[in-house]
>>> print(open('target06.cif').read())   # mmCIF, C-alpha atoms and all ligand atoms
data_structure
loop_
_atom_site.group_PDB
_atom_site.id
_atom_site.type_symbol
_atom_site.label_atom_id
_atom_site.label_comp_id
_atom_site.auth_asym_id
_atom_site.auth_seq_id
_atom_site.Cartn_x
_atom_site.Cartn_y
_atom_site.Cartn_z
ATOM 1 C CA MET A 1 88.904 -165.008 66.587
ATOM 2 C CA ASN A 2 88.750 -164.020 62.941
ATOM 3 C CA LYS A 3 85.487 -163.312 61.124
ATOM 4 C CA THR A 4 86.639 -164.665 57.818
ATOM 5 C CA ALA A 5 84.300 -166.720 55.656
ATOM 6 C CA VAL A 6 85.421 -169.707 53.605
ATOM 7 C CA ARG A 7 83.820 -170.918 50.384
ATOM 8 C CA PRO A 8 84.900 -173.164 47.496
ATOM 9 C CA LEU A 9 87.276 -171.595 44.975
ATOM 10 C CA THR A 10 85.723 -171.254 41.523
ATOM 11 C CA ILE A 11 87.279 -170.365 38.208
ATOM 12 C CA ASP A 12 85.645 -166.929 38.504
ATOM 13 C CA ASP A 13 88.140 -166.254 41.320
ATOM 14 C CA TYR A 14 91.076 -166.952 39.004
ATOM 15 C CA ASP A 15 92.336 -163.403 38.375
ATOM 16 C CA THR A 16 92.164 -162.415 42.047
ATOM 17 C CA VAL A 17 93.708 -165.660 43.254
ATOM 18 C CA LEU A 18 96.484 -165.506 40.666
ATOM 19 C CA ALA A 19 97.335 -161.962 41.802
ATOM 20 C CA LEU A 20 97.528 -163.208 45.402
ATOM 21 C CA TRP A 21 99.761 -166.137 44.435
ATOM 22 C CA GLN A 22 102.002 -163.896 42.329
ATOM 23 C CA THR A 23 102.714 -161.666 45.317
ATOM 24 C CA SER A 24 103.069 -164.505 47.836
ATOM 25 C CA GLU A 25 106.630 -165.580 48.548
ATOM 26 C CA GLY A 26 106.928 -169.353 48.608
ATOM 27 C CA VAL A 27 104.263 -170.014 45.962
ATOM 28 C CA GLY A 28 105.931 -171.381 42.822
ATOM 29 C CA LEU A 29 103.802 -170.737 39.738
ATOM 30 C CA SER A 30 104.250 -172.558 36.440
ATOM 31 C CA SER A 31 102.509 -173.500 33.198
ATOM 32 C CA ALA A 32 100.304 -175.723 35.386
ATOM 33 C CA ASP A 33 98.679 -172.550 36.742
ATOM 34 C CA THR A 34 97.139 -171.041 33.614
ATOM 35 C CA ARG A 35 93.412 -170.319 33.693
ATOM 36 C CA GLU A 36 92.814 -173.442 31.573
ATOM 37 C CA SER A 37 94.927 -175.656 33.830
ATOM 38 C CA ILE A 38 93.277 -174.407 37.012
ATOM 39 C CA ALA A 39 89.819 -174.822 35.436
ATOM 40 C CA ALA A 40 90.708 -178.445 34.617
ATOM 41 C CA TYR A 41 92.040 -178.989 38.138
ATOM 42 C CA LEU A 42 88.862 -177.618 39.725
ATOM 43 C CA GLN A 43 86.707 -179.723 37.437
ATOM 44 C CA ARG A 44 88.661 -182.838 38.388
ATOM 45 C CA ASN A 45 88.525 -181.974 42.122
ATOM 46 C CA PRO A 46 85.168 -180.246 42.594
ATOM 47 C CA GLY A 47 84.508 -178.467 45.906
ATOM 48 C CA GLN A 48 87.955 -179.240 47.345
ATOM 49 C CA SER A 49 89.791 -175.929 46.833
ATOM 50 C CA PHE A 50 88.855 -172.892 48.918
ATOM 51 C CA VAL A 51 89.116 -169.126 49.301
ATOM 52 C CA ALA A 52 88.879 -167.010 52.454
ATOM 53 C CA LEU A 53 86.905 -163.769 52.367
ATOM 54 C CA ALA A 54 87.038 -160.820 54.758
ATOM 55 C CA GLY A 55 83.809 -159.102 53.766
ATOM 56 C CA LYS A 56 84.022 -159.053 49.983
ATOM 57 C CA THR A 57 87.821 -159.074 49.922
ATOM 58 C CA LEU A 58 89.538 -162.302 48.963
ATOM 59 C CA VAL A 59 92.352 -162.707 51.504
ATOM 60 C CA GLY A 60 93.390 -166.332 51.120
ATOM 61 C CA ALA A 61 93.332 -169.258 48.733
ATOM 62 C CA VAL A 62 94.363 -172.889 48.505
ATOM 63 C CA LEU A 63 94.163 -175.684 45.961
ATOM 64 C CA SER A 64 93.502 -179.217 47.082
ATOM 65 C CA GLY A 65 92.528 -182.429 45.424
ATOM 66 C CA HIS A 66 93.348 -186.111 45.265
ATOM 67 C CA ASP A 67 94.413 -188.780 42.815
ATOM 68 C CA GLY A 68 91.999 -191.391 44.200
ATOM 69 C CA ARG A 69 94.605 -192.581 46.692
ATOM 70 C CA ARG A 70 96.234 -189.587 48.434
ATOM 71 C CA GLY A 71 95.330 -185.934 48.817
ATOM 72 C CA PHE A 72 97.603 -183.062 47.793
ATOM 73 C CA ILE A 73 97.542 -179.404 48.821
ATOM 74 C CA HIS A 74 99.061 -176.667 46.676
ATOM 75 C CA HIS A 75 99.510 -172.893 46.721
ATOM 76 C CA LEU A 76 98.199 -171.979 50.165
ATOM 77 C CA ALA A 77 98.523 -168.191 50.414
ATOM 78 C CA ILE A 78 97.155 -165.597 52.807
ATOM 79 C CA HIS A 79 97.365 -161.865 52.082
ATOM 80 C CA PRO A 80 100.147 -160.391 54.278
ATOM 81 C CA ASP A 81 97.706 -158.042 56.081
ATOM 82 C CA TYR A 82 95.640 -161.046 57.216
ATOM 83 C CA ARG A 83 98.336 -163.462 58.390
ATOM 84 C CA ARG A 84 98.592 -164.895 61.914
ATOM 85 C CA GLN A 85 94.817 -164.736 62.367
ATOM 86 C CA GLY A 86 94.168 -168.448 61.902
ATOM 87 C CA ILE A 87 92.981 -168.111 58.295
ATOM 88 C CA GLY A 88 95.607 -170.468 56.859
ATOM 89 C CA ARG A 89 94.704 -173.085 59.448
ATOM 90 C CA MET A 90 90.986 -172.617 58.670
ATOM 91 C CA LEU A 91 91.510 -173.121 54.928
ATOM 92 C CA ILE A 92 93.501 -176.286 55.555
ATOM 93 C CA GLU A 93 90.777 -177.614 57.889
ATOM 94 C CA HIS A 94 88.329 -177.214 54.996
ATOM 95 C CA CYS A 95 90.675 -179.041 52.601
ATOM 96 C CA LEU A 96 91.172 -181.934 55.012
ATOM 97 C CA ALA A 97 87.431 -182.209 55.682
ATOM 98 C CA ALA A 98 86.704 -182.310 51.943
ATOM 99 C CA LEU A 99 89.349 -184.993 51.440
ATOM 100 C CA ARG A 100 87.971 -187.007 54.367
ATOM 101 C CA ASP A 101 84.494 -186.761 52.838
ATOM 102 C CA ALA A 102 85.943 -188.138 49.603
ATOM 103 C CA GLY A 103 87.339 -191.146 51.477
ATOM 104 C CA ILE A 104 90.957 -190.001 51.361
ATOM 105 C CA GLN A 105 92.978 -190.930 54.449
ATOM 106 C CA LYS A 106 96.213 -188.976 54.028
ATOM 107 C CA CYS A 107 97.344 -185.745 52.386
ATOM 108 C CA HIS A 108 100.787 -184.590 51.227
ATOM 109 C CA LEU A 109 102.218 -181.223 50.233
ATOM 110 C CA PHE A 110 105.450 -179.701 49.015
ATOM 111 C CA VAL A 111 107.320 -176.793 50.625
ATOM 112 C CA PHE A 112 110.416 -175.022 49.345
ATOM 113 C CA GLY A 113 113.237 -175.786 51.788
ATOM 114 C CA GLU A 114 113.976 -172.106 52.428
ATOM 115 C CA ASN A 115 110.348 -171.195 53.192
ATOM 116 C CA GLU A 116 110.808 -170.965 56.955
ATOM 117 C CA ASN A 117 107.435 -169.305 57.642
ATOM 118 C CA ALA A 118 105.564 -172.076 55.871
ATOM 119 C CA ILE A 119 107.653 -174.771 57.560
ATOM 120 C CA HIS A 120 106.699 -173.281 60.941
ATOM 121 C CA PHE A 121 103.065 -173.153 59.837
ATOM 122 C CA TRP A 122 102.905 -176.802 58.729
ATOM 123 C CA ARG A 123 104.760 -178.051 61.816
ATOM 124 C CA ASP A 124 102.553 -175.997 64.150
ATOM 125 C CA THR A 125 99.362 -177.208 62.485
ATOM 126 C CA GLY A 126 100.206 -180.855 63.041
ATOM 127 C CA TRP A 127 101.888 -181.962 59.820
ATOM 128 C CA THR A 128 104.823 -184.380 59.860
ATOM 129 C CA GLU A 129 107.992 -183.414 57.993
ATOM 130 C CA ARG A 130 109.055 -186.479 55.935
ATOM 131 C CA ILE A 131 112.821 -186.168 56.149
ATOM 132 C CA GLU A 132 113.217 -189.788 54.981
ATOM 133 C CA LEU A 133 111.745 -188.930 51.541
ATOM 134 C CA LYS A 134 113.246 -187.253 48.483
ATOM 135 C CA MET A 135 111.204 -185.760 45.674
ATOM 136 C CA PHE A 136 111.933 -186.561 41.999
ATOM 137 C CA SER A 137 110.541 -184.625 39.012
ATOM 138 C CA GLN A 138 110.546 -185.218 35.252
ATOM 139 C CA HIS A 139 108.880 -183.519 32.295
ATOM 140 C CA THR A 140 106.554 -186.110 30.764
ATOM 141 C CA GLU A 141 107.777 -185.277 27.243
ATOM 142 C CA ASN A 142 111.258 -186.571 28.207
ATOM 143 C CA GLY A 143 110.174 -190.089 29.058
ATOM 144 C CA THR A 144 113.123 -191.883 30.650
ATOM 145 C CA ARG A 145 115.742 -190.282 28.428
ATOM 146 C CA MET A 146 118.955 -189.043 30.044
ATOM 147 C CA ASN A 147 119.590 -185.542 28.794
ATOM 148 C CA ALA A 148 120.179 -182.004 29.953
ATOM 149 C CA GLU A 149 116.819 -182.068 31.696
ATOM 150 C CA ASN A 150 118.217 -184.523 34.199
ATOM 151 C CA THR A 151 120.511 -181.826 35.573
ATOM 152 C CA GLU A 152 117.844 -179.116 35.400
ATOM 153 C CA LYS A 153 117.135 -177.402 38.678
ATOM 154 C CA HIS A 154 113.358 -177.655 38.928
ATOM 155 C CA ASP A 155 112.075 -174.556 40.705
ATOM 156 C CA THR A 156 108.354 -175.224 40.268
ATOM 157 C CA ILE A 157 106.040 -177.953 41.497
HETATM 158 C C1 LIG A 201 102.276 -169.807 55.552
HETATM 159 C C2 LIG A 201 100.960 -168.995 55.555
HETATM 160 C C3 LIG A 201 100.007 -169.644 54.570
HETATM 161 C C4 LIG A 201 100.378 -169.066 56.962
HETATM 162 O O1 LIG A 201 99.071 -168.493 56.946
HETATM 163 P P1 LIG A 201 98.438 -167.795 58.254
HETATM 164 O O2 LIG A 201 97.013 -167.539 57.995
HETATM 165 O O3 LIG A 201 99.276 -166.634 58.656
HETATM 166 O O4 LIG A 201 98.610 -168.953 59.337
HETATM 167 P P2 LIG A 201 97.766 -169.123 60.714
HETATM 168 O O5 LIG A 201 97.425 -167.769 61.273
HETATM 169 O O6 LIG A 201 96.645 -170.067 60.477
HETATM 170 O O7 LIG A 201 98.880 -169.807 61.619
HETATM 171 C C5 LIG A 201 98.676 -171.006 62.370
HETATM 172 C C6 LIG A 201 99.928 -171.251 63.186
HETATM 173 O O8 LIG A 201 101.039 -171.540 62.311
HETATM 174 C C7 LIG A 201 102.239 -170.947 62.856
HETATM 175 N N1 LIG A 201 102.730 -169.893 61.970
HETATM 176 C C8 LIG A 201 102.079 -169.301 60.933
HETATM 177 N N2 LIG A 201 102.880 -168.394 60.328
HETATM 178 C C9 LIG A 201 104.034 -168.414 61.005
HETATM 179 C C10 LIG A 201 105.259 -167.686 60.872
HETATM 180 N N3 LIG A 201 105.436 -166.753 59.907
HETATM 181 N N4 LIG A 201 106.256 -167.924 61.749
HETATM 182 C C11 LIG A 201 106.106 -168.851 62.734
HETATM 183 N N5 LIG A 201 104.976 -169.580 62.906
HETATM 184 C C12 LIG A 201 103.963 -169.358 62.053
HETATM 185 C C13 LIG A 201 101.844 -170.382 64.218
HETATM 186 O O9 LIG A 201 101.972 -171.427 65.194
HETATM 187 C C14 LIG A 201 100.389 -170.057 64.000
HETATM 188 O O10 LIG A 201 99.637 -169.968 65.201
HETATM 189 P P3 LIG A 201 99.720 -168.611 66.102
HETATM 190 O O11 LIG A 201 99.556 -167.447 65.174
HETATM 191 O O12 LIG A 201 98.591 -168.794 67.061
HETATM 192 O O13 LIG A 201 101.077 -168.620 66.749
HETATM 193 C C15 LIG A 201 101.217 -167.506 55.186
HETATM 194 O O14 LIG A 201 102.306 -167.015 55.941
HETATM 195 C C16 LIG A 201 101.510 -167.279 53.730
HETATM 196 O O15 LIG A 201 100.611 -167.056 52.916
HETATM 197 N N6 LIG A 201 102.804 -167.311 53.339
HETATM 198 C C17 LIG A 201 103.216 -167.050 51.954
HETATM 199 C C18 LIG A 201 102.836 -168.185 51.023
HETATM 200 C C19 LIG A 201 103.400 -169.511 51.481
HETATM 201 O O16 LIG A 201 104.536 -169.637 51.896
HETATM 202 N N7 LIG A 201 102.558 -170.547 51.375
HETATM 203 C C20 LIG A 201 102.890 -171.900 51.776
HETATM 204 C C21 LIG A 201 103.315 -172.660 50.599
HETATM 205 S S1 LIG A 201 103.763 -174.329 51.074
#
>>> encode(input="target06.cif", output="C-alpha cells")
Amino acid sequence: MNKTAVRPLTIDDYDTVLALWQTSEGVGLSSADTRESIAAYLQRNPGQSFVALAGKTLVGAVLSGHDGRRGFIHHLAIHPDYRRQGIGRMLIEHCLAALRDAGIQKCHLFVFGENENAIHFWRDTGWTERIELKMFSQHTENGTRMNAENTEKHDTI
C-alpha cells in the first residue's frame, strides 16, 4: 500500500511537472505543452488533472479533460523511483471519477506503439486496446490541402 496523496494539478506545478514529463520516456511533448497552453487546458478542464505527492515531493502527474462528449487522458508519468506502487492506477482512478462526475461516459488515450511498459499498464488496469481504429492528425493551418505535411511523420500528440 502506498502512502501517496493525490490533489488537482495547478499551473503552479508547471515547472516540476514539465521536468517530470521531460525525463519520462513515452511522454511526447510539443508546442501544446507550453505554460500558456497548459494553463488554458487546466482552465478549460478545471479539477480534472492530478498530481501525486510523496510527502512534499511531486512523484506523478496526469492531464485529463473532456470535449463535452468523451474524456481524454494525456501525459501520465510517474517518477521512476516510485513506479509499480499503484500510483499510476490511483491517478487514473481520480481522472475517471472526475470525468464521471462531469457526466462523461467514456475516456480515450493515445500510446506510442513501442511503449511496452505503458501498454502493459493500460491493459492491466482494464483499458481496451482499439485495434480496429487508426489515428489521423493534421495541423489546423493546413486545412485540407495536400502538401508535404501529409507525409510528415507526426511524433507528438
Ligand atoms: C506507465 C506508468 C505511468 C505506470 O505507472 P505506475 O505507477 O508504475 O503503475 P502502477 O504501479 O499503478 O501499475 C498498475 C499495474 O500496471 C501494470 N504495469 C505497470 N507498469 C508495468 C510495467 N513496466 N511492465 C508490466 N506491467 C506494468 C502492472 O499490472 C501493475 O500492477 P502490479 O505492479 O501490481 O503488477 C509508468 O511506468 C511511467 O510513468 N512510464 C513512463 C511514462 C509513460 O510511458 N506514460 C504513459 C504514456 S501513455
>>> resolve_selection(input="target06.cif", expression="the PyMOL selection byres (((chain A and resi 43-47) around 10) and not hetatm)", output="PyMOL selection string")
chain A and resi 7-11+37-42+48-50+63-67+94-95+98-99
>>> closest_residue(input="target06.cif", among="A:Arg69, A:Lys134, A:His139, A:His75", to="Ala118 in chain A", atoms="all atoms listed in the file")
A:His75
>>> residues_around(input="target06.cif", residues="Val59 in chain A", least_positions_apart="5", cutoff="9 Å", atoms="all atoms listed in the file", output="list in words")
Thr4, Val17, Leu20, Val51, Ala52, Leu53, Ala54, Ala77, Ile78, His79, Pro80, Asp81, Tyr82 and Ile87 of chain A
>>> axis_aligned_box(input="target06.cif", around="ligand LIG 201 (chain A)", padding_each_side="5 Å", output="JSON")
{"center_x": 101.5, "center_y": -170.5, "center_z": 58.8, "size_x": 19.6, "size_y": 17.7, "size_z": 26.5}
>>> residues_near_ligand(input="target06.cif", ligand="ligand LIG 201 (chain A)", cutoff="8 Å", atoms="only C-alpha atoms and all ligand atoms", output="MDAnalysis selection string")
chainID A and resid 21 24:27 60 74:80 82:90 109:112 115:125
>>> residues_near_point(input="target06.cif", point="(100.8, -179.8, 34.3)", cutoff="12 Å", atoms="all atoms listed in the file", output="ChimeraX atom specification")
/A:29-34,36-38,40-41,137-141,156-157
>>> write_last_selection(input="target06.cif", atoms="C-alpha atoms", output="PDB file, in the frame of the given file")
ATOM      1  CA  LEU A  29     103.802-170.737  39.738  1.00  0.00           C
ATOM      2  CA  SER A  30     104.250-172.558  36.440  1.00  0.00           C
ATOM      3  CA  SER A  31     102.509-173.500  33.198  1.00  0.00           C
ATOM      4  CA  ALA A  32     100.304-175.723  35.386  1.00  0.00           C
ATOM      5  CA  ASP A  33      98.679-172.550  36.742  1.00  0.00           C
ATOM      6  CA  THR A  34      97.139-171.041  33.614  1.00  0.00           C
ATOM      7  CA  GLU A  36      92.814-173.442  31.573  1.00  0.00           C
ATOM      8  CA  SER A  37      94.927-175.656  33.830  1.00  0.00           C
ATOM      9  CA  ILE A  38      93.277-174.407  37.012  1.00  0.00           C
ATOM     10  CA  ALA A  40      90.708-178.445  34.617  1.00  0.00           C
ATOM     11  CA  TYR A  41      92.040-178.989  38.138  1.00  0.00           C
ATOM     12  CA  SER A 137     110.541-184.625  39.012  1.00  0.00           C
ATOM     13  CA  GLN A 138     110.546-185.218  35.252  1.00  0.00           C
ATOM     14  CA  HIS A 139     108.880-183.519  32.295  1.00  0.00           C
ATOM     15  CA  THR A 140     106.554-186.110  30.764  1.00  0.00           C
ATOM     16  CA  GLU A 141     107.777-185.277  27.243  1.00  0.00           C
ATOM     17  CA  THR A 156     108.354-175.224  40.268  1.00  0.00           C
ATOM     18  CA  ILE A 157     106.040-177.953  41.497  1.00  0.00           C
TER      19      ILE A 157
END
>>> atom_distance(input="target06.cif", atom1="CA of Lys56 in chain A", atom2="CA of Arg100 in chain A")
28.6 Å
>>> atom_distance(input="target06.cif", atom1="CA of Leu18 in chain A", atom2="CA of Leu91 in chain A")
16.9 Å
>>> closest_residue(input="target06.cif", among="A:Ala102, A:Cys107, A:Ala19, A:Val6", to="Gly55 in chain A", atoms="only C-alpha atoms")
A:Val6
>>> atom_distance(input="target06.cif", atom1="CA of Thr16 in chain A", atom2="CA of Arg35 in chain A")
11.6 Å
>>> closest_residue(input="target06.cif", among="A:Leu58, A:Ile73, A:Ala5, A:Ile131", to="Ile92 in chain A", atoms="all atoms listed in the file")
A:Ile73
